[in-house]
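Take a look at the structure set out below.
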Amino acid sequence: MMLFSTAQGRTVIALSTAERLGTITACTIAPSPAHISSLHLRTRGRHGHVMLWKNVQSFGEDAVTVRSAEGLKPEKELESAEEAHKSHDPLGKRVLTEAGESMGIVEDIDFDEKDGSLRALLTTEGKVPGDRLKGVGGYAVVVRRPG
Amino acid sequence: MSTYLRAREISQEPVVTLAGEDVARIKDVVFDPMRGSITCFTLSGRGLLAGPLKRALLWKKVHALGPDAVMIRDEDSLEEDDEAARERIEAPGGGSVIGARVMTEEGSALGTITDVIIETSGTPKVIGYEVGPTARTGQTVFLPVIRPKSVSEEMMVVPACTADFTAGDPAGLPAAAEGLRRRLEQEA
């Protein structure tokens with residue numbers, strides 16, 4: 001179990017050049033199967049950058065390693081339809097069931113640091129298992145109804 | 001989960017895709033007052049598109065009607081061609097019964113419709129109306145309406161015995177409707 005809040009601020013390092021690329025600020029998630037699709041980083045430059053999860057080599061206790069800086073993309077170059085776009089960041093977003101009922105606001109996410117799979121969304125109204133995720137958009141995180 | 005929604009609560013609800021994007025806002029609930037079935041929703045835009053949208057959302061394209069949002073599969077569910085929706089909107093009394101007077105066949109006024117109560121368990125259905133106070137009753141009541149005799153924008157004519165089956169809140173409507181149904185069957 002790993003909470004995204006504990007991963008925020010962690011340094012991301014490129015193994016090929018031993019460079020610090022930046023620190024984790026946010027992430028995006030995607031359904032089927034529910035997983036973290038990208039990490040958003042604060043880099044030295046003025047703009048944020050994005051690293052797709054598939055480039056992550058290891059999610060270590062002190063740093064997250066990626067093979068190289070090649071996968072790093074400026075946030076502003078992403079189209080809103082892309083999985084890594086900021087609109088797919090679940091934190092602070094309302095949760096709606098597919099039946100149109102509100103289930104609180106996402107406060108944190110519980111994920112598996114080995115493969116990036118989403119275990120649960122922690123909301124102001126409780127825990128929603130990750131496998132219920134249907135979609136994340138600019139307005140809401142949509143989940144299947146319990147039971 | 002609340003099983004009863006008011007049409008007034010539904011208007012202003014966001015229309016949200018299963019991918020989590022809000023694409024419009026509900027303006028009005030359009031329904032068939034004779035059958036109680038919802039036919040479509042008229043929409044207004046959001047943000048930059050604010051103002052009436054020339055699109056409607058047909059009931060068959062709705063994934064779910066909830067207390068906090070109307071869910072659709074994706075943006076394609078919104079009707080591009082407004083014609084189909086417009087025909088339905090212009091059906092007698094469609095969507096505009098708020099403000100209409102409820103009158104019994106015998107000519108007593110039961111009040112003015114102030115809201116429409118929709119039951120959402122199963123296929124959403126109009127199960128009754130919130131009726132504002134008349135000089136005679138002095139209070140707001142909920143009237144089950146199973147088979148109105150006729151409907152116009154101005155008036156809804158209901159069987160005389162409807163007045164005997166009022167409820168104090170929306171949750172009392174199913175029991176009231178059941179009582180009314182039995183009475184209507186006896187009288188038939």
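Chain lettering (A, B, ...) mirrors the order of the structure tokens, residue numbering begins at 1 for each chain separately, and ligand numbering begins at 1 in order of display.
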
All alpha helix (DSSP H) residues (DSSP, backbone) inside range 72-186 of chain B, as a PyMOL selection string: chain B and resi 83-89+173-186

Those same residues, written as a short mmCIF file (atom, residue, chain, number, x, y, z; two decimals), in the first residue's frame with N, CA and C atoms?
```cif
data_model
loop_
_atom_site.label_atom_id
_atom_site.label_comp_id
_atom_site.auth_asym_id
_atom_site.auth_seq_id
_atom_site.Cartn_x
_atom_site.Cartn_y
_atom_site.Cartn_z
N GLU B 83 -34.70 18.45 -34.19
CA GLU B 83 -36.09 18.26 -34.64
C GLU B 83 -36.85 17.24 -33.81
N ALA B 84 -36.22 16.09 -33.62
CA ALA B 84 -36.89 15.01 -32.91
C ALA B 84 -37.30 15.48 -31.52
N ALA B 85 -36.39 16.20 -30.88
CA ALA B 85 -36.67 16.66 -29.53
C ALA B 85 -37.76 17.72 -29.53
N ARG B 86 -37.68 18.61 -30.52
CA ARG B 86 -38.65 19.71 -30.55
C ARG B 86 -40.08 19.20 -30.67
N GLU B 87 -40.27 18.20 -31.52
CA GLU B 87 -41.60 17.62 -31.66
C GLU B 87 -42.15 17.18 -30.32
N ARG B 88 -41.28 16.57 -29.54
CA ARG B 88 -41.72 16.06 -28.25
C ARG B 88 -41.99 17.20 -27.28
N ILE B 89 -41.16 18.22 -27.34
CA ILE B 89 -41.32 19.33 -26.43
C ILE B 89 -42.65 20.03 -26.67
N LEU B 173 -46.04 9.52 -1.73
CA LEU B 173 -46.75 9.43 -3.02
C LEU B 173 -47.06 8.01 -3.50
N PRO B 174 -46.11 7.06 -3.39
CA PRO B 174 -46.44 5.72 -3.89
C PRO B 174 -47.66 5.13 -3.21
N ALA B 175 -47.76 5.28 -1.88
CA ALA B 175 -48.92 4.75 -1.16
C ALA B 175 -50.18 5.47 -1.61
N ALA B 176 -50.08 6.78 -1.76
CA ALA B 176 -51.23 7.56 -2.21
C ALA B 176 -51.65 7.12 -3.62
N ALA B 177 -50.64 6.89 -4.48
CA ALA B 177 -50.93 6.47 -5.85
C ALA B 177 -51.61 5.12 -5.86
N GLU B 178 -51.14 4.22 -4.99
CA GLU B 178 -51.71 2.89 -4.90
C GLU B 178 -53.18 2.97 -4.48
N GLY B 179 -53.45 3.79 -3.49
CA GLY B 179 -54.82 3.99 -3.02
C GLY B 179 -55.71 4.53 -4.13
N LEU B 180 -55.17 5.49 -4.85
CA LEU B 180 -55.93 6.10 -5.94
C LEU B 180 -56.21 5.08 -7.04
N ARG B 181 -55.18 4.27 -7.33
CA ARG B 181 -55.34 3.27 -8.39
C ARG B 181 -56.47 2.32 -8.05
N ARG B 182 -56.49 1.87 -6.79
CA ARG B 182 -57.55 0.95 -6.37
C ARG B 182 -58.93 1.59 -6.48
N ARG B 183 -58.99 2.84 -6.05
CA ARG B 183 -60.28 3.53 -6.10
C ARG B 183 -60.76 3.67 -7.54
N LEU B 184 -59.80 4.02 -8.44
CA LEU B 184 -60.18 4.19 -9.84
C LEU B 184 -60.68 2.88 -10.44
N GLU B 185 -60.03 1.78 -10.01
CA GLU B 185 -60.45 0.47 -10.51
C GLU B 185 -61.86 0.14 -10.03
N GLN B 186 -62.13 0.45 -8.76
CA GLN B 186 -63.48 0.19 -8.20
C GLN B 186 -64.52 1.00 -8.95
#
```

Within 7 Å of Leu121 in chain A using only C-alpha atoms, minus same-chain residues under 5 positions, as a ChimeraX atom specification: /A:106,108-110,127-130

Please save N, CA, C and O atoms of the selected residues as a tab-separated table (two decimals), in the first residue's frame.
```
chain	number	residue	atom	x	y	z
A	106	VAL	N	-12.15	13.28	-4.01
A	106	VAL	CA	-10.94	12.46	-3.87
A	106	VAL	C	-9.90	13.21	-3.06
A	106	VAL	O	-9.51	14.33	-3.41
A	108	ASP	N	-7.07	11.29	-1.64
A	108	ASP	CA	-5.78	10.62	-1.81
A	108	ASP	C	-6.02	9.37	-2.64
A	108	ASP	O	-7.17	8.97	-2.82
A	109	ILE	N	-4.95	8.79	-3.17
A	109	ILE	CA	-5.12	7.52	-3.86
A	109	ILE	C	-4.11	6.53	-3.33
A	109	ILE	O	-3.00	6.87	-2.95
A	110	ASP	N	-4.58	5.28	-3.28
A	110	ASP	CA	-3.76	4.19	-2.79
A	110	ASP	C	-3.36	3.38	-4.02
A	110	ASP	O	-4.23	2.94	-4.77
A	127	LYS	N	-13.73	4.81	1.09
A	127	LYS	CA	-12.80	4.22	0.15
A	127	LYS	C	-13.55	3.61	-1.03
A	127	LYS	O	-14.54	2.92	-0.84
A	128	VAL	N	-13.06	3.86	-2.24
A	128	VAL	CA	-13.68	3.26	-3.42
A	128	VAL	C	-12.62	2.37	-4.06
A	128	VAL	O	-11.55	2.85	-4.44
A	129	PRO	N	-12.87	1.03	-4.16
A	129	PRO	CA	-11.87	0.15	-4.76
A	129	PRO	C	-11.50	0.60	-6.17
A	129	PRO	O	-12.37	1.03	-6.93
A	130	GLY	N	-10.22	0.50	-6.50
A	130	GLY	CA	-9.72	0.97	-7.79
A	130	GLY	C	-10.40	0.33	-8.99
A	130	GLY	O	-10.61	0.98	-10.01
```

At most 7 Å to chain A: residues in chain B, only C-alpha atoms, as a PyMOL selection string: chain B and resi 18-22+64-71

Write the residues of the selection above to a file with N, CA and C atoms, as a PDB file, in the first residue's frame.
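Saved as selection_33.pdb:
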```pdb
ATOM      1  N   LEU B  18     -19.441   9.220 -18.991  1.00  0.00           N
ATOM      2  CA  LEU B  18     -18.816   8.204 -18.138  1.00  0.00           C
ATOM      3  C   LEU B  18     -17.307   8.430 -18.063  1.00  0.00           C
ATOM      4  N   ALA B  19     -16.773   9.248 -18.948  1.00  0.00           N
ATOM      5  CA  ALA B  19     -15.346   9.587 -18.886  1.00  0.00           C
ATOM      6  C   ALA B  19     -15.104  10.777 -17.957  1.00  0.00           C
ATOM      7  N   GLY B  20     -16.173  11.278 -17.326  1.00  0.00           N
ATOM      8  CA  GLY B  20     -15.987  12.321 -16.314  1.00  0.00           C
ATOM      9  C   GLY B  20     -15.982  13.755 -16.814  1.00  0.00           C
ATOM     10  N   GLU B  21     -16.425  13.977 -18.057  1.00  0.00           N
ATOM     11  CA  GLU B  21     -16.464  15.352 -18.571  1.00  0.00           C
ATOM     12  C   GLU B  21     -17.894  15.878 -18.478  1.00  0.00           C
ATOM     13  N   ASP B  22     -18.051  17.132 -18.050  1.00  0.00           N
ATOM     14  CA  ASP B  22     -19.403  17.699 -18.081  1.00  0.00           C
ATOM     15  C   ASP B  22     -19.572  18.412 -19.412  1.00  0.00           C
ATOM     16  N   ALA B  64     -28.023   7.234 -16.884  1.00  0.00           N
ATOM     17  CA  ALA B  64     -28.673   7.214 -15.569  1.00  0.00           C
ATOM     18  C   ALA B  64     -29.058   8.627 -15.162  1.00  0.00           C
ATOM     19  N   LEU B  65     -30.172   8.698 -14.447  1.00  0.00           N
ATOM     20  CA  LEU B  65     -30.617   9.969 -13.886  1.00  0.00           C
ATOM     21  C   LEU B  65     -30.384   9.879 -12.383  1.00  0.00           C
ATOM     22  N   GLY B  66     -29.449  10.653 -11.881  1.00  0.00           N
ATOM     23  CA  GLY B  66     -29.133  10.581 -10.453  1.00  0.00           C
ATOM     24  C   GLY B  66     -29.430  11.885  -9.757  1.00  0.00           C
ATOM     25  N   PRO B  67     -29.285  11.903  -8.430  1.00  0.00           N
ATOM     26  CA  PRO B  67     -29.550  13.127  -7.671  1.00  0.00           C
ATOM     27  C   PRO B  67     -28.509  14.223  -7.903  1.00  0.00           C
ATOM     28  N   ASP B  68     -27.319  13.852  -8.395  1.00  0.00           N
ATOM     29  CA  ASP B  68     -26.256  14.845  -8.544  1.00  0.00           C
ATOM     30  C   ASP B  68     -25.832  15.083  -9.981  1.00  0.00           C
ATOM     31  N   ALA B  69     -26.207  14.184 -10.871  1.00  0.00           N
ATOM     32  CA  ALA B  69     -25.821  14.347 -12.270  1.00  0.00           C
ATOM     33  C   ALA B  69     -26.680  13.468 -13.154  1.00  0.00           C
ATOM     34  N   VAL B  70     -26.785  13.870 -14.411  1.00  0.00           N
ATOM     35  CA  VAL B  70     -27.394  13.017 -15.430  1.00  0.00           C
ATOM     36  C   VAL B  70     -26.230  12.438 -16.208  1.00  0.00           C
ATOM     37  N   MET B  71     -26.125  11.118 -16.210  1.00  0.00           N
ATOM     38  CA  MET B  71     -24.973  10.480 -16.831  1.00  0.00           C
ATOM     39  C   MET B  71     -25.298  10.053 -18.261  1.00  0.00           C
TER      40      MET B  71
END
```

Strand (DSSP E or B) residues, from DSSP on the backbone, in range 122-165 of chain B, as an MDAnalysis selection string: chainID B and resid 125:131 141:144 150:151 155:158

Contact residues around His85 in chain A with only C-alpha atoms at 9 Å, ignoring same-chain residues under 4 positions, as a list in words: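 Neighbouring residues, sequence-local ones excluded: Thr28, Ser38, Val50, Glu75, Lys76, Leu78, Glu79, Ser80, Ala81 and Asp89 of chain A.
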
Who sits within 7 Å of Arg10 in chain A, only C-alpha atoms, same chain under 2 positions skipped, as a list in words: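 Answer for this query is Ala7, Gln8, Val12, Thr23, Ile24, Asp62 and Ala63 of chain A.
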
Keeping N, CA and C atoms, export the residues of the selection given above as a short mmCIF file (atom, residue, chain, number, x, y, z; two decimals), in the first residue's frame.
```cif
data_model
loop_
_atom_site.label_atom_id
_atom_site.label_comp_id
_atom_site.auth_asym_id
_atom_site.auth_seq_id
_atom_site.Cartn_x
_atom_site.Cartn_y
_atom_site.Cartn_z
N ALA A 7 4.03 10.07 -1.83
CA ALA A 7 4.94 10.08 -2.99
C ALA A 7 5.16 11.49 -3.51
N GLN A 8 4.27 12.40 -3.15
CA GLN A 8 4.42 13.78 -3.63
C GLN A 8 5.69 14.38 -3.06
N VAL A 12 12.65 12.51 -8.84
CA VAL A 12 12.70 11.58 -9.97
C VAL A 12 14.08 11.71 -10.61
N THR A 23 10.63 16.91 -9.06
CA THR A 23 9.92 16.26 -7.97
C THR A 23 8.46 16.03 -8.35
N ILE A 24 7.88 14.97 -7.78
CA ILE A 24 6.50 14.60 -8.12
C ILE A 24 5.51 15.59 -7.50
N ASP A 62 13.44 6.62 -1.53
CA ASP A 62 13.99 7.97 -1.54
C ASP A 62 13.87 8.66 -2.89
N ALA A 63 13.78 7.87 -3.94
CA ALA A 63 13.68 8.47 -5.26
C ALA A 63 12.99 7.52 -6.22
#
```

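Here CA of Thr42 in chain B is placed at a distance of 21.4 Å from CA of Glu130 in chain B.
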
Val102 in chain B environment, 12 Å, only C-alpha atoms, sequence neighbours closer than 4 positions dropped, as a ChimeraX atom specification: /B:97-98,106-114,128-134,141-145,148-160,162-163

With only C-alpha atoms as the counted atoms, please give the residues lying no more than 10 Å from Ser121 in chain B, apart from itself and same-chain residues fewer than 2 positions off, as an mmCIF file with C-alpha atoms, in the first residue's frame.
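See part_5.cif below for the written result:
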```cif
data_model
loop_
_atom_site.group_PDB
_atom_site.id
_atom_site.type_symbol
_atom_site.label_atom_id
_atom_site.label_comp_id
_atom_site.auth_asym_id
_atom_site.auth_seq_id
_atom_site.Cartn_x
_atom_site.Cartn_y
_atom_site.Cartn_z
ATOM 1 C CA MET B 1 -29.820 7.356 -2.254
ATOM 2 C CA SER B 2 -32.923 9.419 -2.628
ATOM 3 C CA THR B 3 -35.493 7.721 -4.824
ATOM 4 C CA TYR B 4 -37.480 10.854 -5.486
ATOM 5 C CA LEU B 65 -30.617 9.969 -13.886
ATOM 6 C CA GLY B 66 -29.133 10.581 -10.453
ATOM 7 C CA ILE B 118 -39.990 11.835 -10.347
ATOM 8 C CA GLU B 119 -39.362 8.402 -8.940
ATOM 9 C CA THR B 123 -37.242 3.551 -15.127
ATOM 10 C CA PRO B 124 -37.817 7.098 -13.910
ATOM 11 C CA LYS B 125 -41.448 8.047 -13.921
#
```

Distance of CA of Gln57 in chain A from CA of Leu91 in chain A, expressed in Å to one decimal place: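 Interatomic distance, CA of Leu91 in chain A to CA of Gln57 in chain A: 24.0 Å.
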
Atomic separation - CA of Ser77 in chain B relative to CA of Phe41 in chain B, Å: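 Spanning CA of Phe41 in chain B to CA of Ser77 in chain B is a straight-line distance of 11.9 Å.
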
A:Ala34, A:Glu125, A:Leu39, A:His47 ranked by distance to Glu77 in chain A, top pick (using only C-alpha atoms): A:His47
